[in-house]
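One structure is given here, and the rest of the page talks about it.
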Amino acid sequence: MVAATRAAADLLTALGVDTHTEDTERTPERMARALADLTTPPPFTMTTFPAQGYQEMVVVNQIPFTSVCEHHLLPFQGTACVAYIPAERVVGLSKIPRLVEFCARRPQVQERMTTQIRDLLAQHLAPDGIGVLVRAEHTCMSARGVRALGATTVTRAFQGQLDNDHLTRAEFLAQAGAGS
Ligand SMILES: Nc1nc2c(ncn2[C@@H]2O[C@H](COP(=O)(O)OP(=O)(O)OP(=O)(O)O)[C@@H](O)[C@H]2O)c(=O)[nH]1
Ligand SMILES: [Zn+2]
């Protein structure tokens, strides 16, 4: 963290921010820690169990996440809805928000985060179908630049039955609140 703290101090100084007041003398260190927290994926392991005859869609909705756009390193925040149709196994439910967090806590673009969630779930679980819908607000688009406060971006990724079967996909989109 020493190098990052020094770099943060240099950046703040270059921007004309005083880092020598009582309030701001530890700001470079806090800034370095905060940015490391936002850009370092936590460890991730998957736990699965036998499906025991369960064949219907499993939907985990309203999963909150915070990521940072790789263009401005500013946060984008929102929710993900992740669904799958089991083949042989089901996944430990908490592992789905953990998977979302694993994909979010790194410099990202929303589209790639969405497909990474799908592809990692496919790799670890091999289900019959996957649907991912991510809805987010980008502060690089609301707090600065175009200042489109309240604009939300929706991205989706599908695989297997959710990709091929329009009725199944429509059922997922209704669950994910895609129309709202
Ligand atoms: N597709 C995509 N674009 C993103 C995402 N996050 C940020 N961006 C965009 O990345 C683009 C970078 O454009 P540039 O023109 O290089 O940067 P800029 O001058 O800061 O652009 P403005 O934001 O329009 O002021 C902007 O249009 C951002 O809105 C994302 O997750 N997905
Ligand atoms: Zn951005």
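Lettering and numbering for the structure tokens are positional, with chains as A, B, ... in the shown order, residues counted from 1 in each chain, and ligands counted from 1 in the shown order.
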> Given a cut-off of 8 Å, what residues near ligand 2 show up using only C-alpha atoms and all ligand atoms, put as a list in words?
Replying inline: Val68, Cys69, Glu70, His71, His72, Leu73, Leu74, Pro75, His138, Thr139, Cys140 and Met141 of chain A
Go ahead and write the selection's residues with C-alpha atoms as a CSV table (one decimal), in the first residue's frame.
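Writing the result to selection.csv gives the following:
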chain,number,residue,atom,x,y,z
A,68,VAL,CA,-15.9,0.6,-11.0
A,69,CYS,CA,-15.8,1.6,-14.7
A,70,GLU,CA,-12.4,0.9,-16.2
A,71,HIS,CA,-12.6,4.2,-18.2
A,72,HIS,CA,-12.8,6.7,-15.3
A,73,LEU,CA,-12.4,4.5,-12.3
A,74,LEU,CA,-15.7,5.8,-10.9
A,75,PRO,CA,-18.2,3.5,-9.3
A,138,HIS,CA,-22.8,4.8,-13.7
A,139,THR,CA,-21.5,7.7,-11.7
A,140,CYS,CA,-19.2,8.6,-14.6
A,141,MET,CA,-22.4,9.4,-16.4
>> Could you go through segment 28-86 of chain A and tell me which residues DSSP, when run on the backbone, assigns to alpha helix (DSSP H), listing them as a PyMOL selection string?
In response: chain A and resi 28-39
Okay, now the selection with C-alpha atoms, as a compact mmCIF listing (two decimals), in the first residue's frame?
# COMPACT_ATOMS: atom_id res chain seq x y z
CA PRO A 28 -3.83 9.51 0.34
CA GLU A 29 -3.68 6.33 2.45
CA ARG A 30 -7.50 6.16 2.73
CA MET A 31 -7.82 6.76 -1.00
CA ALA A 32 -5.33 3.98 -1.79
CA ARG A 33 -7.16 1.55 0.51
CA ALA A 34 -10.58 2.48 -0.89
CA LEU A 35 -9.43 2.02 -4.49
CA ALA A 36 -7.76 -1.29 -3.62
CA ASP A 37 -11.01 -2.45 -2.02
CA LEU A 38 -13.01 -1.54 -5.13
CA THR A 39 -10.59 -3.19 -7.56
>> Could you list the protein, DNA and RNA residues that have any atom within 12 Å of ligand 1, counting only C-alpha atoms and all ligand atoms, and write them as a PyMOL selection string?
In response: chain A and resi 66-78+104+106-114+134-148+151-155
> Residues at most 8 Å from Pro86 of chain A, counting only C-alpha atoms, excluding those fewer than 5 positions away in the same chain, as a list in words?
Replying inline: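 With the cut-off at 8 Å, the set is Ala51, Tyr54, Gln55, Glu56, Met57, Val58, Pro127, Asp128 and Gly129 of chain A.
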Kindly export the residues of the current selection with N, CA and C atoms, as a PDB file, in the first residue's frame.
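Generated output (result17.pdb):
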ATOM      1  N   ALA A  51     -29.065 -32.138  -7.603  1.00  0.00           N
ATOM      2  CA  ALA A  51     -30.347 -31.449  -7.834  1.00  0.00           C
ATOM      3  C   ALA A  51     -31.525 -32.255  -7.280  1.00  0.00           C
ATOM      4  N   TYR A  54     -35.017 -31.672  -8.836  1.00  0.00           N
ATOM      5  CA  TYR A  54     -35.507 -30.299  -9.062  1.00  0.00           C
ATOM      6  C   TYR A  54     -35.079 -29.845 -10.460  1.00  0.00           C
ATOM      7  N   GLN A  55     -36.082 -29.471 -11.297  1.00  0.00           N
ATOM      8  CA  GLN A  55     -35.763 -29.161 -12.694  1.00  0.00           C
ATOM      9  C   GLN A  55     -36.196 -27.769 -13.116  1.00  0.00           C
ATOM     10  N   GLU A  56     -36.763 -27.011 -12.176  1.00  0.00           N
ATOM     11  CA  GLU A  56     -37.292 -25.687 -12.538  1.00  0.00           C
ATOM     12  C   GLU A  56     -36.220 -24.606 -12.413  1.00  0.00           C
ATOM     13  N   MET A  57     -36.552 -23.430 -12.948  1.00  0.00           N
ATOM     14  CA  MET A  57     -35.623 -22.304 -12.882  1.00  0.00           C
ATOM     15  C   MET A  57     -35.396 -21.877 -11.430  1.00  0.00           C
ATOM     16  N   VAL A  58     -34.159 -21.578 -11.095  1.00  0.00           N
ATOM     17  CA  VAL A  58     -33.816 -20.976  -9.791  1.00  0.00           C
ATOM     18  C   VAL A  58     -33.427 -19.527 -10.082  1.00  0.00           C
ATOM     19  N   PRO A 127     -25.223 -25.913 -15.997  1.00  0.00           N
ATOM     20  CA  PRO A 127     -26.681 -26.105 -15.952  1.00  0.00           C
ATOM     21  C   PRO A 127     -27.271 -26.164 -17.360  1.00  0.00           C
ATOM     22  N   ASP A 128     -28.599 -26.403 -17.443  1.00  0.00           N
ATOM     23  CA  ASP A 128     -29.257 -26.472 -18.756  1.00  0.00           C
ATOM     24  C   ASP A 128     -29.527 -25.095 -19.343  1.00  0.00           C
ATOM     25  N   GLY A 129     -29.512 -24.068 -18.504  1.00  0.00           N
ATOM     26  CA  GLY A 129     -29.745 -22.717 -19.017  1.00  0.00           C
ATOM     27  C   GLY A 129     -29.333 -21.684 -17.996  1.00  0.00           C
TER      28      GLY A 129
END
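Omitting Gly160 of chain A and its sequence neighbours fewer than 2 positions away, and counting only C-alpha atoms, the residues within 12 Å are A:Ala83, A:Tyr84, A:Ile85, A:Pro86, A:Ala87, A:Arg118, A:Asp119, A:Ala122, A:Ala126, A:Pro127, A:Asp128, A:Gly129, A:Ile130, A:Gly131, A:Ala157, A:Phe158, A:Leu162, A:Asp163, A:Asn164, A:Asp165, A:His166, A:Thr168, A:Arg169.
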> How would you write, as a PyMOL selection string, the set of residues in segment 14-176 of chain A that DSSP gives as strand (DSSP E)?
Replying inline: chain A and resi 48-50+58-69+75-85+89-91+107-108+129-138+153-160
